[in-house]
Amino acid sequence: MQTKYRIANFKILLLSMLGMAILVLVLIYFAQKFSYTVNQTYFLIFGLSLLTFMMFYINLKFSKLVSFNIVNNNINILESNKNTEIKGSDVIDYNFYLLTHKTMGHLLRINTKNKEYIYWIVWVSLQKITEEETSNIKELQKDVSEVLRAKKIKKGVDYCIVFFSWLPFILLALGLLTLLFGLFYVFSL
């Protein structure tokens, strides 16, 4: 039995984030129509919760379960309807790393002579991260590094992806700083 990994779809994630931003603006527009702030709060909580569940469901629906099979210095990626073979001799560089936080998953980027493959490996069971999944990913990371020795290079794409994975935490910190400075300003008047 081959180990299955869940691969998130970048295009769907970006499209759902764009759609979510538009729907949040629409939600805010309609929230302004309420005259009582309590009703606005209920409306916003319900609407944002619904949008979050929709985004989660859409991203889960378009994610795929794949298997990585490493044979004779080749990496075979088996999906339900297609098989992608990456020859070790065709690989120019690669990188395999953990994104910001353990719950965000890992990223495998393989740059070949013909194409660049980027796989965002998330957790198969989204309810709980198991020790088996963690050990499977570490084993995959070890196997890929054995096949692609001395080709591990961190490029600008990797730095951009890591920055964007840190972006929610940066925005949270900026929001908290803005709140603290706002409170300090209000209480100093």
# chains A, B, ... in the order shown; residues from 1 in each chain; ligands from 1

call {"tool": "residues_around", "arguments": {"residues": "Asp93 of chain A", "least_positions_apart": "2", "cutoff": "12 Å", "atoms": "only C-alpha atoms", "output": "list in words"}}
result
Gly88, Ser89, Asp90, Val91, Asn95, Phe96, Leu108, Arg109, Ile110, Asn111, Thr112, Lys113, Lys115, Glu116, Tyr117, Val144, Ser145, Val147, Leu148, Arg149, Ala150, Lys151, Lys152, Ile153, Lys154, Lys155 and Asp158 of chain A

call {"tool": "residues_around", "arguments": {"residues": "Phe163 of chain A", "least_positions_apart": "6", "cutoff": "10 Å", "atoms": "only C-alpha atoms", "output": "PyMOL selection string"}}
result
chain A and resi 99-100+157+170

call {"tool": "select_by_dssp", "arguments": {"residues": "chain A", "states": "strand (DSSP E)", "output": "ChimeraX atom specification"}}
result
/A:5-8,64-71,74-78,83-87,91-98,106-112,116-122

call {"tool": "closest_residue", "arguments": {"among": "A:Leu60, A:Phe46, A:Leu25, A:Val66", "to": "Thr3 of chain A", "atoms": "only C-alpha atoms"}}
result
A:Val66

call {"tool": "closest_residue", "arguments": {"among": "A:Thr134, A:Ser165, A:Asn59, A:Thr84", "to": "Met104 of chain A", "atoms": "only C-alpha atoms"}}
result
A:Ser165

call {"tool": "closest_residue", "arguments": {"among": "A:Ile12, A:Ser67, A:Glu79, A:Cys160", "to": "Asn136 of chain A", "atoms": "only C-alpha atoms"}}
result
A:Ser67

call {"tool": "atom_distance", "arguments": {"atom1": "atom CA of Phe164 of chain A", "atom2": "atom CA of Thr130 of chain A"}}
result
25.7 Å

call {"tool": "atom_distance", "arguments": {"atom1": "atom CA of Lys64 of chain A", "atom2": "atom CA of Trp166 of chain A"}}
result
24.3 Å

call {"tool": "residues_around", "arguments": {"residues": "Phe62 of chain A", "least_positions_apart": "3", "cutoff": "12 Å", "atoms": "only C-alpha atoms", "output": "ChimeraX atom specification"}}
result
/A:6-13,15-16,55-59,65

call {"tool": "write_last_selection", "arguments": {"atoms": "C-alpha atoms", "output": "tab-separated table (two decimals), in the first residue's frame"}}
result
chain	number	residue	atom	x	y	z
A	6	ARG	CA	-3.16	15.51	0.25
A	7	ILE	CA	-2.06	18.17	-2.24
A	8	ALA	CA	-3.74	21.58	-2.04
A	9	ASN	CA	-4.55	23.33	-5.31
A	10	PHE	CA	-2.83	26.76	-5.55
A	11	LYS	CA	-5.12	28.11	-8.27
A	12	ILE	CA	-8.28	27.26	-6.35
A	13	LEU	CA	-6.81	28.74	-3.17
A	15	LEU	CA	-9.36	32.19	-6.65
A	16	SER	CA	-11.21	31.42	-3.42
A	55	MET	CA	-13.77	28.63	1.46
A	56	PHE	CA	-12.69	25.62	3.54
A	57	TYR	CA	-15.12	23.32	1.71
A	58	ILE	CA	-14.10	24.56	-1.76
A	59	ASN	CA	-10.39	24.14	-1.02
A	65	LEU	CA	-4.78	12.63	-2.81

call {"tool": "residues_around", "arguments": {"residues": "Leu107 of chain A", "least_positions_apart": "3", "cutoff": "6 Å", "atoms": "only C-alpha atoms", "output": "ChimeraX atom specification"}}
result
/A:96-97,119-121

call {"tool": "write_last_selection", "arguments": {"atoms": "C-alpha atoms", "output": "PDB file, in the first residue's frame"}}
result
ATOM      1  CA  PHE A  96      11.361  20.738   0.361  1.00  0.00           C
ATOM      2  CA  TYR A  97      10.479  22.715   3.465  1.00  0.00           C
ATOM      3  CA  TYR A 119       3.271  20.576  -4.487  1.00  0.00           C
ATOM      4  CA  TRP A 120       1.734  21.985  -1.330  1.00  0.00           C
ATOM      5  CA  ILE A 121       1.471  18.916   0.887  1.00  0.00           C
TER       6      ILE A 121
END

call {"tool": "residues_around", "arguments": {"residues": "Asn69 of chain A", "least_positions_apart": "3", "cutoff": "10 Å", "atoms": "only C-alpha atoms", "output": "list in words"}}
result
Gln2, Thr3, Val66, Asn74, Ile75, Asn76, Ile77, Leu78, Glu85, Leu140, Asp143 and Val144 of chain A
